[in-house]
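The structure appears right after this line, and notes come after that.
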Amino acid sequence: MRVLILGGSSEASRLAARLAGEPAFAPILSLAGRTRNPAPPPIPYRIGGFGGPDGLAAYLRQERIDCLVDATHPFAERISANAEAAAAKTGTPLVVFTRPPWTPSSGDDWTECADAAGAAQAIGAEPRRVFLTVGRLQLPAFETAPQHEYLIRAIDPPRPAPNLPRRRLILARGPFGVQDEVQLMQAERIEIVVTKNSGGDATRAKLDAARALGVPVILIRRPPPSHGVAFHELDAIMDFLREVHHRASP
Ligand SMILES: NC(=O)c1ccc[n+]([C@@H]2O[C@H](COP(=O)([O-])OP(=O)(O)OC[C@H]3O[C@@H](n4cnc5c(N)ncnc54)[C@H](OP(=O)(O)O)[C@@H]3O)[C@@H](O)[C@H]2O)c1
């Protein structure tokens with residue numbers, strides 16, 4: 001069964017690794033091409049956009065894809081909308097594989113915002129020392145709040161650099177440990193953390209560190225989820241894919 005995985009997330013990588021060992025499936029992983037030097041996947045892959053929903057629909061037909069898996073990052077809104085449209089247009093079964101959002105526990109001091117612009121305003125008028133981990137595409141929204149001192153963490157350098165007079169950049173890729181996050185936030189005298197509700201284990205340590213240090217957090221809420229079947233667990237999506245395969249070739 002030919003499965004196209006829209007990737008760029010740890011979920012997609014885990015699914016690719018699992019499908020690599022399943023002879024009933026012929027998976028292809030699709031990457032947007034944002035990350036420089038991505039680790040080579042264990043299954044066939046392609047890199048770059050399809051050219052909108054119509055381009056993706058054409059690819060699904062041309063490659064005779066039996067099932068489309070949207071395993072993109074929860075904040076990658078456009079490709080998920082394209083996946084829905086292309087699946088509907090071609091009648092391809094679509095399934096979403098994503099991580100659950102983070103939820104607060106006792107001792108957390110979280111403020112949720114709809115978007116990066118709202119998060120920038122929620123930091124407040126008084127200059128503060130901000131630990132900003134929202135991904136490089138969201139950084140321009142913080143130019144409306146230039147009074148703060150920003151410690152920005154990103155995987156690749158933002159191009160162009162955001163127009164923020166008091167900023168420093170750390171380049172790092174998770175997973176991060178709680179103890180390291182506590183040390184970083186103490187050394188930098190961080191007063192507030194601003195991040196997106198990405199979910200997952202690789203980057204949640206900053207929230208645990210913030211709770212331990214009594215530091216408030218501003219969280220950008222996720223965009224609304226895609227319609228259709230969604231799974232958070234690898235075993236559950238594997239069962240679903242086997243079921244689709246079984247229905248297609250009883
Ligand atoms: N947004 C985040 O916070 C975030 C964080 C970590 C990783 N990522 C990953 O980085 C990639 C880009 O994220 P984004 O937020 O820029 O996406 P986006 O805004 O939803 O997508 C923009 C365009 O990039 C292309 N694209 C995106 N994902 C693709 C994929 N897996 N394969 C082929 N083309 C893809 C599509 O181009 P066409 O219309 O030409 O097909 C899409 O219209 C995604 O794969 C996502 O999983 C995103």
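Going through the structure tokens in order, the chains are called A, B, and so on, while each chain numbers its residues from 1 and the ligands are numbered from 1 in the order shown.
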
Q: For ligand 1, collect every residue having any atom at a distance of at most 10 Å from a ligand atom (counting only C-alpha atoms and all ligand atoms); output as an MDAnalysis selection string.
A: chainID A and resid 4:12 29:35 45:57 70:83 134:138 155 196:198 222

(Q) One number please: atom CA of A:Leu219 to atom CA of A:Pro38, in Å, one decimal. (A) 27.5 Å

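Here the residues within stretch 8-52 of chain A that DSSP labels strand (DSSP E) on the basis of the backbone are A:Ala26, A:Pro27, A:Ile28, A:Leu29, A:Ser30, A:Leu31, A:Tyr45, A:Arg46, A:Ile47.
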
Report as a tab-separated table the residues of stretch 158-243 of chain A within 10 Å of stretch 17-24 of chain A, each with its shortest atom pair and distance in Å (one decimal), using only C-alpha atoms, ordered by chain and increasing residue number.
```
residue	atom	partner	partner_atom	distance
A:Leu234	CA	A:Arg18	CA	8.5
A:Asp235	CA	A:Arg18	CA	9.6
A:Met238	CA	A:Leu19	CA	8.4
A:Leu241	CA	A:Leu19	CA	10.0
A:Arg242	CA	A:Ala24	CA	8.6
```

Q: May I have all residues of stretch 29-188 of chain A that DSSP, computed from the backbone, assigns to helix (DSSP H, G or I), given as a ChimeraX atom specification?
A: /A:52-62,77-90,116-122,136-144,178-187

Q: Considering only C-alpha atoms, return as a ChimeraX atom specification whatever protein or nucleic-acid residues lie within 6 Å of A:Arg99, sequence-local ones (same chain, fewer than 2 positions apart) excluded.
A: /A:199-200,232

Stretch 41-133 of chain A residues near stretch 142-151 of chain A within 12 Å, closest pair each, using only C-alpha atoms, as CSV:
```
residue,atom,partner,partner_atom,distance
A:Asp115,CA,A:Phe142,CA,11.1
A:Ala116,CA,A:Phe142,CA,7.4
A:Ala117,CA,A:Phe142,CA,6.9
A:Gly118,CA,A:Phe142,CA,9.4
A:Ala119,CA,A:Phe142,CA,8.2
A:Ala120,CA,A:Phe142,CA,5.2
A:Gln121,CA,A:Ala145,CA,6.9
A:Ala122,CA,A:Ala145,CA,9.7
A:Ile123,CA,A:Ala145,CA,8.3
A:Gly124,CA,A:Ala145,CA,8.5
A:Ala125,CA,A:Gln147,CA,7.8
A:Glu126,CA,A:Gln147,CA,7.6
A:Pro127,CA,A:His148,CA,4.5
A:Arg128,CA,A:His148,CA,5.0
A:Arg129,CA,A:Glu149,CA,4.8
A:Val130,CA,A:Tyr150,CA,4.9
A:Phe131,CA,A:Leu151,CA,4.9
A:Leu132,CA,A:Leu151,CA,5.9
A:Thr133,CA,A:Leu151,CA,8.5
```

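The space separating atom CA of A:Arg167 from atom CA of A:Pro140 comes to 12.5 Å.
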
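Taking atom CA of A:Asp156 and atom CA of A:Asp208 as endpoints, the distance between them is 24.2 Å.
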